[in-house]
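run03.txt follows; it contains compact mmCIF, C-alpha atoms (C1' of nucleotides).
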# COMPACT_ATOMS: atom_id res chain seq x y z
CA MET A 1 0.00 0.00 0.00
CA ALA A 2 1.16 3.54 -0.41
CA ARG A 3 1.28 6.68 1.64
CA ARG A 4 -0.57 4.95 4.43
CA SER A 5 -1.71 7.58 6.86
CA ASP A 6 -1.53 5.37 9.92
CA HIS A 7 1.96 6.73 10.56
CA SER A 8 3.56 9.96 9.50
CA ARG A 9 7.14 9.89 8.37
CA ASP A 10 8.34 11.09 11.76
CA GLU A 11 6.18 8.64 13.63
CA LEU A 12 7.56 5.88 11.45
CA GLU A 13 11.15 6.89 12.16
CA GLU A 14 10.39 6.93 15.85
CA LEU A 15 8.64 3.57 15.59
CA ILE A 16 11.58 1.97 13.83
CA VAL A 17 14.29 3.38 16.08
CA ASN A 18 12.24 2.48 19.12
CA GLU A 19 11.72 -1.13 18.17
CA GLY A 20 15.28 -1.39 16.84
CA HIS A 21 16.64 -0.18 20.13
CA ARG A 22 14.48 -2.63 22.00
CA GLN A 23 15.61 -5.55 19.86
CA ILE A 24 19.28 -4.73 20.31
CA SER A 25 18.78 -4.23 24.02
CA GLU A 26 17.31 -7.70 24.26
CA ALA A 27 19.15 -9.80 21.72
CA GLY A 28 22.31 -7.82 21.00
CA TYR A 29 23.84 -6.33 17.91
CA ALA A 30 24.89 -9.69 16.49
CA ASN A 31 21.30 -10.95 16.36
CA PHE A 32 19.81 -7.78 14.99
CA SER A 33 18.05 -7.90 11.64
CA ALA A 34 16.11 -5.29 9.70
CA ARG A 35 13.66 -7.90 8.45
CA LYS A 36 12.72 -9.04 11.94
CA LEU A 37 12.34 -5.43 13.00
CA ALA A 38 10.11 -4.65 10.03
CA LYS A 39 7.91 -7.64 10.69
CA LYS A 40 7.53 -6.66 14.33
CA ILE A 41 6.16 -3.23 13.50
CA GLY A 42 3.98 -4.51 10.68
CA TYR A 43 5.97 -3.20 7.75
CA THR A 44 8.37 -4.61 5.17
CA VAL A 45 12.14 -4.27 4.89
CA GLY A 46 11.68 -1.94 1.98
CA THR A 47 10.04 0.62 4.22
CA ILE A 48 13.00 0.69 6.60
CA TYR A 49 15.29 0.96 3.64
CA HIS A 50 13.14 3.78 2.31
CA VAL A 51 13.26 5.70 5.58
CA PHE A 52 16.88 5.15 6.59
CA GLY A 53 18.62 4.34 3.32
CA SER A 54 20.79 1.59 4.81
CA LEU A 55 21.34 -0.53 7.86
CA ASP A 56 24.30 1.66 8.77
CA HIS A 57 22.18 4.76 9.02
CA LEU A 58 19.61 2.91 11.05
CA MET A 59 22.32 1.73 13.40
CA LEU A 60 23.54 5.29 13.82
CA ALA A 61 20.03 6.31 14.79
CA ILE A 62 19.70 3.43 17.25
CA ASN A 63 23.10 4.11 18.80
CA GLY A 64 22.16 7.76 18.93
CA ARG A 65 19.16 6.77 20.99
CA THR A 66 21.44 4.85 23.34
CA LEU A 67 23.65 7.91 23.71
CA ASP A 68 20.59 9.99 24.58
CA LYS A 69 19.54 7.52 27.24
CA TRP A 70 23.07 7.37 28.58
CA HIS A 71 23.31 11.14 28.80
CA HIS A 72 19.97 11.24 30.54
CA TYR A 73 20.99 8.57 33.03
CA LEU A 74 24.28 10.28 33.90
CA SER A 75 22.62 13.63 34.20
CA LEU A 76 19.99 12.22 36.55
CA LYS A 77 22.56 10.56 38.79
CA LEU A 78 24.69 13.69 38.97
CA GLU A 79 21.68 15.85 39.77
CA THR A 80 21.05 14.07 43.04
CA ALA A 81 24.70 13.73 44.02
CA ASP A 82 26.28 15.95 46.65
CA GLU A 83 29.61 14.62 47.88
CA ASP A 84 32.00 12.56 45.79
CA ARG A 85 30.55 13.54 42.47
CA LEU A 86 33.43 11.91 40.60
CA GLN A 87 32.63 8.62 42.22
CA VAL A 88 28.99 9.01 41.29
CA ALA A 89 29.98 9.70 37.68
CA VAL A 90 32.24 6.67 37.43
CA GLU A 91 29.65 4.42 39.04
CA ALA A 92 26.92 5.72 36.76
CA TYR A 93 29.10 5.07 33.72
CA PHE A 94 29.44 1.44 34.76
CA GLU A 95 25.84 1.04 35.88
CA PHE A 96 24.44 2.13 32.57
CA ALA A 97 26.81 -0.09 30.60
CA ILE A 98 26.01 -3.12 32.75
CA VAL A 99 22.26 -2.65 32.88
CA HIS A 100 22.02 -1.85 29.18
CA ARG A 101 24.77 -4.30 28.28
CA HIS A 102 23.68 -5.06 24.74
CA SER A 103 22.93 -1.57 23.56
CA TRP A 104 26.08 -0.27 25.19
CA LEU A 105 28.18 -2.91 23.47
CA ALA A 106 26.45 -2.11 20.17
CA LEU A 107 27.74 1.40 20.66
CA MET A 108 31.26 -0.04 20.64
CA ASP A 109 30.89 -2.84 18.11
CA PHE A 110 29.27 -0.89 15.34
CA ARG A 111 31.59 1.00 13.03
CA LEU A 112 30.93 2.81 9.80
CA PRO A 113 32.83 1.81 6.66
CA GLU A 114 36.25 3.41 6.77
CA ASP A 115 35.60 6.01 4.13
CA GLN A 116 32.60 7.51 5.92
CA ASP A 117 32.88 9.51 9.11
CA LEU A 118 30.39 9.98 11.90
CA PRO A 119 27.59 12.48 11.20
CA GLU A 120 27.77 15.75 13.08
CA SER A 121 24.62 15.02 15.09
CA TYR A 122 26.18 11.84 16.40
CA VAL A 123 29.42 13.59 17.30
CA GLN A 124 27.35 16.15 19.20
CA LYS A 125 25.79 13.46 21.33
CA VAL A 126 29.19 12.08 22.24
CA ALA A 127 30.37 15.57 23.04
CA GLY A 128 27.29 15.97 25.22
CA VAL A 129 28.26 13.05 27.42
CA MET A 130 31.77 14.43 27.64
CA ALA A 131 30.52 17.87 28.66
CA LEU A 132 28.52 16.32 31.46
CA VAL A 133 31.52 14.58 32.92
CA GLY A 134 33.76 17.48 32.07
CA ARG A 135 32.03 19.77 34.55
CA GLU A 136 32.72 17.34 37.38
CA VAL A 137 36.34 16.95 36.41
CA ALA A 138 36.80 20.70 36.28
CA ASP A 139 35.18 21.12 39.70
CA ALA A 140 37.36 18.42 41.21
CA LEU A 141 40.57 19.87 39.84
CA PRO A 142 42.69 22.08 42.10
CA ASP A 143 42.66 25.75 41.13
CA GLY A 144 46.05 25.75 39.43
CA ARG A 145 45.07 23.03 36.97
CA LYS A 146 41.68 24.14 35.69
CA ALA A 147 43.15 24.68 32.25
CA GLU A 148 43.77 20.97 31.87
CA ALA A 149 40.14 20.13 32.44
CA GLN A 150 39.15 19.47 28.84
CA ALA A 151 42.09 17.28 27.92
CA LEU A 152 41.95 15.49 31.24
CA THR A 153 38.27 14.76 30.82
CA ARG A 154 38.88 13.07 27.50
CA SER A 155 41.63 11.00 29.04
CA LEU A 156 39.57 10.03 32.06
CA LEU A 157 36.64 9.08 29.89
CA ALA A 158 38.96 6.76 28.02
CA THR A 159 40.31 5.45 31.30
CA VAL A 160 36.92 4.60 32.73
CA HIS A 161 35.83 3.31 29.37
CA GLY A 162 38.72 0.85 29.26
CA HIS A 163 37.82 -0.54 32.66
CA CYS A 164 34.17 -0.76 31.67
CA PHE A 165 34.96 -2.49 28.40
CA PHE A 166 37.22 -5.06 30.05
CA THR A 167 34.45 -5.73 32.54
CA LEU A 168 31.84 -6.39 29.90
CA ASN A 169 33.90 -8.30 27.36
CA GLY A 170 35.32 -10.78 29.86
CA THR A 171 38.91 -9.61 29.86
CA PHE A 172 38.81 -8.69 33.53
CA ASP A 173 37.34 -12.07 34.34
CA ALA A 174 40.25 -13.67 32.51
CA LEU A 175 42.73 -11.52 34.42
CA GLY A 176 41.13 -12.02 37.82
CA GLU A 177 39.91 -8.49 38.39
CA SER A 178 36.91 -8.50 40.70
CA GLU A 179 36.52 -4.81 41.56
CA PRO A 180 36.75 -2.90 38.28
CA VAL A 181 34.77 0.14 39.43
CA LYS A 182 37.08 0.60 42.36
CA ALA A 183 40.10 0.32 40.06
CA ALA A 184 38.69 2.84 37.59
CA LEU A 185 37.91 5.28 40.36
CA ALA A 186 41.41 4.91 41.74
CA ARG A 187 42.89 5.89 38.37
CA VAL A 188 40.62 8.94 38.26
CA ARG A 189 41.70 9.94 41.74
CA ASP A 190 45.35 9.52 40.77
CA ALA A 191 44.81 12.02 37.98
CA VAL A 192 42.94 14.78 39.78
CA ARG A 193 44.71 14.82 43.12
CA MET B 1 37.98 -35.55 -2.71
CA ALA B 2 38.83 -37.19 0.52
CA ARG B 3 41.80 -37.55 2.78
CA ARG B 4 43.90 -35.60 0.35
CA SER B 5 47.47 -35.91 1.43
CA ASP B 6 48.54 -32.52 0.14
CA HIS B 7 47.88 -31.10 3.62
CA SER B 8 47.91 -32.82 6.96
CA ARG B 9 45.31 -31.81 9.47
CA ASP B 10 47.77 -29.55 11.26
CA GLU B 11 48.98 -27.99 8.05
CA LEU B 12 45.39 -27.35 7.09
CA GLU B 13 44.64 -25.65 10.41
CA GLU B 14 47.70 -23.50 9.97
CA LEU B 15 46.74 -22.72 6.38
CA ILE B 16 43.23 -21.65 7.37
CA VAL B 17 44.23 -19.54 10.36
CA ASN B 18 46.99 -17.95 8.34
CA GLU B 19 44.79 -16.93 5.45
CA GLY B 20 41.96 -15.98 7.81
CA HIS B 21 44.25 -13.70 9.72
CA ARG B 22 45.47 -12.15 6.53
CA GLN B 23 41.95 -11.51 5.27
CA ILE B 24 40.87 -9.86 8.50
CA SER B 25 44.06 -7.81 8.58
CA GLU B 26 43.25 -6.48 5.13
CA ALA B 27 39.48 -6.22 4.96
CA GLY B 28 38.40 -6.26 8.60
CA TYR B 29 36.14 -8.45 10.66
CA ALA B 30 32.95 -7.12 9.10
CA ASN B 31 33.98 -8.26 5.63
CA PHE B 32 35.27 -11.61 6.68
CA SER B 33 33.66 -14.73 5.24
CA ALA B 34 34.49 -18.41 5.56
CA ARG B 35 33.51 -19.04 1.95
CA LYS B 36 35.95 -16.48 0.60
CA LEU B 37 38.66 -17.88 2.82
CA ALA B 38 37.98 -21.44 1.65
CA LYS B 39 38.08 -20.46 -2.00
CA LYS B 40 41.38 -18.65 -1.51
CA ILE B 41 43.12 -21.73 -0.16
CA GLY B 42 41.53 -24.04 -2.69
CA TYR B 43 39.05 -25.79 -0.44
CA THR B 44 35.34 -25.64 0.27
CA VAL B 45 33.45 -24.18 3.23
CA GLY B 46 32.72 -27.68 4.42
CA THR B 47 36.39 -28.27 5.09
CA ILE B 48 36.68 -25.24 7.33
CA TYR B 49 33.55 -26.34 9.08
CA HIS B 50 35.02 -29.80 9.46
CA VAL B 51 38.27 -28.53 10.92
CA PHE B 52 36.97 -25.78 13.21
CA GLY B 53 33.35 -26.74 13.84
CA SER B 54 32.05 -23.19 13.56
CA LEU B 55 32.95 -19.66 12.59
CA ASP B 56 33.21 -18.80 16.26
CA HIS B 57 35.95 -21.34 16.86
CA LEU B 58 37.78 -20.18 13.77
CA MET B 59 37.57 -16.60 14.99
CA LEU B 60 39.01 -17.65 18.33
CA ALA B 61 41.94 -19.22 16.50
CA ILE B 62 42.46 -16.15 14.35
CA ASN B 63 42.26 -13.80 17.31
CA GLY B 64 44.58 -16.12 19.17
CA ARG B 65 47.05 -15.63 16.36
CA THR B 66 46.71 -11.87 16.73
CA LEU B 67 47.39 -12.18 20.46
CA ASP B 68 50.52 -14.18 19.69
CA LYS B 69 51.75 -11.55 17.28
CA TRP B 70 50.94 -8.81 19.77
CA HIS B 71 52.82 -10.57 22.53
CA HIS B 72 55.76 -11.07 20.22
CA TYR B 73 55.77 -7.41 19.18
CA LEU B 74 55.62 -6.13 22.77
CA SER B 75 58.28 -8.53 23.88
CA LEU B 76 60.57 -7.43 21.06
CA LYS B 77 60.15 -3.75 21.83
CA LEU B 78 60.76 -4.26 25.52
CA GLU B 79 63.87 -6.32 24.85
CA THR B 80 65.66 -3.43 23.25
CA ALA B 81 64.41 -0.79 25.68
CA ASP B 82 66.62 0.60 28.41
CA GLU B 83 65.25 3.79 29.93
CA ASP B 84 61.58 4.65 30.20
CA ARG B 85 60.38 1.11 29.74
CA LEU B 86 56.83 2.09 30.67
CA GLN B 87 56.77 4.58 27.84
CA VAL B 88 58.05 1.95 25.45
CA ALA B 89 55.32 -0.42 26.59
CA VAL B 90 52.54 2.13 26.12
CA GLU B 91 53.86 3.19 22.73
CA ALA B 92 54.19 -0.41 21.62
CA TYR B 93 50.60 -1.08 22.67
CA PHE B 94 49.41 1.73 20.43
CA GLU B 95 51.76 0.97 17.57
CA PHE B 96 50.59 -2.59 17.25
CA ALA B 97 46.93 -1.60 17.39
CA ILE B 98 47.39 1.10 14.77
CA VAL B 99 49.53 -0.88 12.37
CA HIS B 100 47.34 -3.96 12.68
CA ARG B 101 44.18 -1.94 12.96
CA HIS B 102 41.77 -4.50 11.57
CA SER B 103 43.00 -7.55 13.40
CA TRP B 104 43.26 -5.58 16.63
CA LEU B 105 39.72 -4.34 16.29
CA ALA B 106 38.57 -7.88 15.50
CA LEU B 107 40.00 -8.81 18.88
CA MET B 108 37.56 -6.33 20.42
CA ASP B 109 34.56 -6.76 18.16
CA PHE B 110 34.29 -10.51 18.27
CA ARG B 111 32.40 -11.96 21.19
CA LEU B 112 31.29 -15.50 21.91
CA PRO B 113 27.61 -16.20 22.52
CA GLU B 114 26.77 -15.31 26.10
CA ASP B 115 26.47 -18.85 27.36
CA GLN B 116 29.96 -19.88 26.26
CA ASP B 117 33.11 -18.64 27.89
CA LEU B 118 36.58 -18.17 26.47
CA PRO B 119 38.67 -21.35 26.16
CA GLU B 120 41.53 -21.71 28.60
CA SER B 121 44.14 -21.47 25.85
CA TYR B 122 42.80 -18.08 24.83
CA VAL B 123 42.72 -16.83 28.40
CA GLN B 124 46.34 -17.92 28.71
CA LYS B 125 47.34 -15.75 25.77
CA VAL B 126 45.66 -12.72 27.31
CA ALA B 127 47.37 -13.48 30.59
CA GLY B 128 50.65 -13.69 28.68
CA VAL B 129 50.33 -10.13 27.43
CA MET B 130 49.46 -9.01 30.92
CA ALA B 131 52.48 -10.75 32.40
CA LEU B 132 54.74 -8.98 29.95
CA VAL B 133 53.47 -5.57 30.95
CA GLY B 134 53.20 -6.62 34.57
CA ARG B 135 56.95 -6.96 34.93
CA GLU B 136 57.49 -3.38 33.81
CA VAL B 137 54.83 -2.07 36.16
CA ALA B 138 56.34 -3.97 39.05
CA ASP B 139 59.81 -2.62 38.25
CA ALA B 140 58.53 0.94 38.01
CA LEU B 141 56.67 0.77 41.30
CA PRO B 142 58.36 2.18 44.42
CA ASP B 143 59.47 -0.48 46.89
CA GLY B 144 56.62 0.04 49.31
CA ARG B 145 53.97 -0.69 46.68
CA LYS B 146 55.24 -3.84 44.95
CA ALA B 147 52.28 -5.76 46.33
CA GLU B 148 49.90 -3.73 44.22
CA ALA B 149 51.66 -4.67 41.00
CA GLN B 150 49.21 -7.28 39.76
CA ALA B 151 46.05 -5.30 40.36
CA LEU B 152 47.64 -2.11 39.10
CA THR B 153 48.78 -3.80 35.90
CA ARG B 154 45.23 -4.89 35.12
CA SER B 155 44.01 -1.39 35.74
CA LEU B 156 46.71 0.22 33.62
CA LEU B 157 46.11 -2.21 30.79
CA ALA B 158 42.48 -1.12 30.84
CA THR B 159 43.56 2.51 31.00
CA VAL B 160 45.83 2.30 27.98
CA HIS B 161 43.29 0.14 26.22
CA GLY B 162 40.61 2.77 26.63
CA HIS B 163 42.83 5.43 25.08
CA CYS B 164 43.79 3.11 22.26
CA PHE B 165 40.20 2.14 21.58
CA PHE B 166 39.02 5.74 21.48
CA THR B 167 41.84 6.47 19.07
CA LEU B 168 40.89 3.72 16.67
CA ASN B 169 37.12 4.01 16.79
CA GLY B 170 37.04 7.75 16.17
CA THR B 171 35.84 8.90 19.57
CA PHE B 172 39.01 10.86 20.21
CA ASP B 173 38.66 12.52 16.83
CA ALA B 174 35.14 13.54 17.78
CA LEU B 175 36.37 14.91 21.10
CA GLY B 176 39.37 16.75 19.68
CA GLU B 177 42.10 14.64 21.25
CA SER B 178 45.21 14.76 19.12
CA GLU B 179 47.83 13.19 21.40
CA PRO B 180 46.26 10.04 22.80
CA VAL B 181 49.54 8.24 23.49
CA LYS B 182 50.77 11.15 25.56
CA ALA B 183 47.51 11.18 27.50
CA ALA B 184 47.63 7.46 28.17
CA LEU B 185 51.21 7.66 29.33
CA ALA B 186 50.33 10.54 31.64
CA ARG B 187 47.66 8.39 33.31
CA VAL B 188 50.15 5.59 33.75
CA ARG B 189 52.66 7.98 35.31
CA ASP B 190 49.96 9.31 37.63
CA ALA B 191 49.43 5.80 38.91
CA VAL B 192 52.98 4.64 39.50
CA ARG B 193 54.57 7.78 40.87
C1' DA C 1 46.39 -57.64 -5.65
C1' DA C 2 41.64 -57.07 -4.76
C1' DT C 3 38.46 -55.71 -1.57
C1' DA C 4 36.45 -53.58 2.41
C1' DT C 5 36.82 -49.81 5.66
C1' DT C 6 37.46 -45.24 7.10
C1' DA C 7 37.31 -40.52 7.01
C1' DA C 8 38.43 -36.11 4.40
C1' DT C 9 36.30 -33.30 1.02
C1' DT C 10 32.72 -31.71 -1.86
C1' DA C 11 28.03 -30.95 -3.30
C1' DT C 12 23.74 -29.57 -2.25
C1' DA C 13 20.18 -27.62 0.42
C1' DC C 14 18.27 -24.47 3.85
C1' DA C 15 17.06 -20.50 6.12
C1' DG C 16 18.67 -16.43 6.79
C1' DT C 17 20.87 -11.60 5.58
C1' DG C 18 21.22 -6.44 3.31
C1' DT C 19 20.39 -4.24 -0.92
C1' DC C 20 17.80 -2.57 -4.58
C1' DG C 21 14.69 -1.65 -8.45
C1' DA C 22 10.11 -2.48 -10.39
C1' DA C 23 5.41 -3.03 -9.58
C1' DT C 24 1.61 -1.71 -6.89
C1' DT C 25 -1.66 1.21 -4.51
C1' DA C 26 -3.29 4.72 -1.44
C1' DA C 27 -3.55 9.49 -0.82
C1' DA C 28 -3.42 14.28 -2.62
C1' DC C 29 -4.21 17.40 -6.25
C1' DC C 30 -6.67 19.62 -10.10
C1' DG D 1 -13.33 11.69 -11.85
C1' DG D 2 -9.03 11.48 -13.58
C1' DT D 3 -4.16 12.33 -12.93
C1' DT D 4 -0.10 12.88 -10.50
C1' DT D 5 2.82 11.70 -6.60
C1' DA D 6 5.08 8.99 -3.49
C1' DA D 7 4.75 5.39 0.29
C1' DT D 8 4.75 0.56 0.55
C1' DT D 9 5.31 -3.97 -0.97
C1' DC D 10 7.10 -7.60 -3.85
C1' DG D 11 10.43 -10.17 -5.90
C1' DA D 12 15.08 -10.93 -7.16
C1' DC D 13 20.04 -10.91 -6.33
C1' DA D 14 24.12 -12.19 -4.29
C1' DC D 15 25.61 -13.20 -0.35
C1' DT D 16 26.14 -15.48 4.62
C1' DG D 17 26.79 -19.68 8.28
C1' DT D 18 25.14 -24.12 9.11
C1' DA D 19 24.19 -28.90 8.28
C1' DT D 20 23.83 -33.38 6.16
C1' DA D 21 24.31 -36.61 2.42
C1' DA D 22 27.05 -38.01 -1.28
C1' DT D 23 31.48 -38.77 -3.11
C1' DT D 24 36.22 -40.27 -3.25
C1' DA D 25 40.92 -40.90 -1.89
C1' DA D 26 43.89 -43.15 1.31
C1' DT D 27 44.43 -46.92 4.54
C1' DA D 28 43.69 -51.52 6.46
C1' DT D 29 42.38 -56.23 5.74
C1' DT D 30 42.17 -60.29 3.51
As structure tokens:
Amino acid sequence: MARRSDHSRDELEELIVNEGHRQISEAGYANFSARKLAKKIGYTVGTIYHVFGSLDHLMLAINGRTLDKWHHYLSLKLETADEDRLQVAVEAYFEFAIVHRHSWLALMDFRLPEDQDLPESYVQKVAGVMALVGREVADALPDGRKAEAQALTRSLLATVHGHCFFTLNGTFDALGESEPVKAALARVRDAVR
Amino acid sequence: MARRSDHSRDELEELIVNEGHRQISEAGYANFSARKLAKKIGYTVGTIYHVFGSLDHLMLAINGRTLDKWHHYLSLKLETADEDRLQVAVEAYFEFAIVHRHSWLALMDFRLPEDQDLPESYVQKVAGVMALVGREVADALPDGRKAEAQALTRSLLATVHGHCFFTLNGTFDALGESEPVKAALARVRDAVR
DNA sequence: AATATTAATTATACAGTGTCGAATTAAACC
DNA sequence: GGTTTAATTCGACACTGTATAATTAATATT
């Protein structure tokens, strides 16, 4: 059928990203398929293709949704934190990744073909998460070092990320690490003291 | 044909892993296919299936090969290093990942189904890399802190890994980080001082 | 030396996948 | 009411990993 008015273009986009995000959250990136998604929302693959152009673009939208949720989660946790805001940030980073394991890993596993680079909107979302953490890093830094805040934030994000990644992909299990959050926080403390 | 004597079972394994590793090195994990690999070495998919049982097991073998090469590379670099061995270790970590981009990323992107866990032989290889770095960390640590060496090594591996990962997957580009190795090394120095 | 056994290799089939263009068909326009 | 427009579906293509049955070459047995 054509130009069905049961969903506007925007509604359809929302519908697809929503269900796509749910499927990845439940079954993981490896088991994700556009056909299954289409069937679930009562459309055909062609429609998804028509709306997003390719699986890659759909994945960017789905991962973008994950970034939004992540930002929201971090922001919420930081809102209600008083003391030890760095600790809250690190813990929230881990919590989100562990609770939303599959969609968080999809964020890491998916990569665009080498010739394409990330769309600006996506980069903005990443920068948004960084800005959130960046404020805490800046606040925690002694007065003489405030200028380092930006660069240090990037580095600490990577630091925490590494610990989080090793936790989720089994490397820390293999190496006998049982308190990864504690370790990550210790590295952060080493850097801001 | 059957029981062809042009390759023994071991030779065949070696042949497959070798060509598989080469293909991933060149085209990346996403473009890897058992059929292409089989054709290249003059066999059929069935043979690969017969030898390795599944793509997952083949991938473990290929990634195992990457770990071997990585270990070898690190070990070589550390052999000829005198001063600043920690810096050499961090730089070598990055160098290998950048030069062998695709196979290094395959190491991170590939994941077994959730119910299976990594075979002992694979875990041993990961532990081998850790042991290599562990010695340098232990040496760099002040006398009073030698007991921390093991735990700290795990944490610093994760730290460097995070920086390396963000370098390769474009996150650092998005965040404006232009000297990731320097940043990683700074975090390491923060921790061992 | 001929035959029977064993197992490596191939052939074939199956149920999927993303992509894509042509054929529909519902809605909007005149 | 007829025509244009574009959303949706359909069908085809070239792949993928998996799996089993059919071959066939090497080995063992007689």
* To do: With a distance cut-off of 7 Å and all atoms listed in the file, select the neighbouring residues of stretch 71-80 of chain A, excluding the residue or stretch itself and same-chain residues fewer than 5 positions from it, and output the selection as a list of chain:residue names.
  =>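 Near neighbours after the sequence-gap exclusion: A:Arg85, A:Val88, A:Ala89, A:Ala92, A:Val129.
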* **At most 8 Å to chain A: residues in chain C, only C-alpha atoms (C1' of nucleotides), as a ChimeraX atom specification** => /C:17-18,24-27
* Pick out the closest residue to chain B from this set: D:DA21, D:DC13, D:DA6, D:DA26. Count all atoms listed in the file. => D:DA26
* To do: Quick one: pull the distance between atom CA of A:Leu152 and atom CA of B:Val181, Å, one decimal.
  =>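 It comes out at 13.0 Å.
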* Find the residues around stretch 142-146 of chain B up to 8 Å (only C-alpha atoms (C1' of nucleotides) counted), leave out those fewer than 3 positions away in its own chain, and share them as a list of chain:residue names. => B:Ala138, B:Asp139, B:Ala149, B:Val192, B:Arg193
* Counting all atoms listed in the file, figure out which residue out of A:Asp115, A:Asp6, A:Asp68, A:Glu148 gets nearest to A:Tyr43. => A:Asp6
* Select all residues from chain D having any atom no more than 7 Å from an atom of chain A (counting all atoms listed in the file, ignoring ligands), output as a ChimeraX atom specification. => /D:6-9
* Contact set, chain B to chain A: 9 Å, all atoms listed in the file, as a ChimeraX atom specification -> /B:108-111,117-118,123-124,126-127,130,151-152,154-166,169-172,174-177,180,183-184,186-188,190-191
* A:Thr66 surroundings by only C-alpha atoms (C1' of nucleotides), 12 Å radius, close-in-sequence under 4 positions cut, as a ChimeraX atom specification -> /A:17-18,20-22,24-25,59-62,70-73,96-97,100-108,122,125-126,129
* Mind checking which residues fall within 12 Å of C:DG16, counting all atoms listed in the file, ignoring those fewer than 6 positions away in the same chain, and posting them as a count of residues only? => 10
* Within 8 Å of A:Glu136, counting only C-alpha atoms (C1' of nucleotides), which residues qualify if same-chain residues fewer than 4 places away don't, as a PyMOL selection string? -> chain A and resi 85-86+132+140
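One finds atom CA of B:Gln23 at 9.9 Å from atom CA of B:Lys40.
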Any chance you could work out the axis-aligned box around stretch 146-153 of chain A, listed atoms only, 6 Å on each side, giving centre and edge lengths in Å to one decimal, as AutoDock Vina command-line options?
--center_x 41.0 --center_y 19.7 --center_z 31.8 --size_x 17.5 --size_y 21.9 --size_z 19.8
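Taking atom CA of B:Ile98 and atom CA of B:Leu168 as the two end points, the separation is 7.3 Å.
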* To do: Enumerate, as an NGL selection string, the protein, DNA and RNA residues whose atoms approach (30.7, -31.5, -1.7) to within 8 Å, taking into account all atoms listed in the file and the coordinate frame of the file.
  => (:B and (44 or 46)) or (:C and (9-12)) or (:D and (22-23))
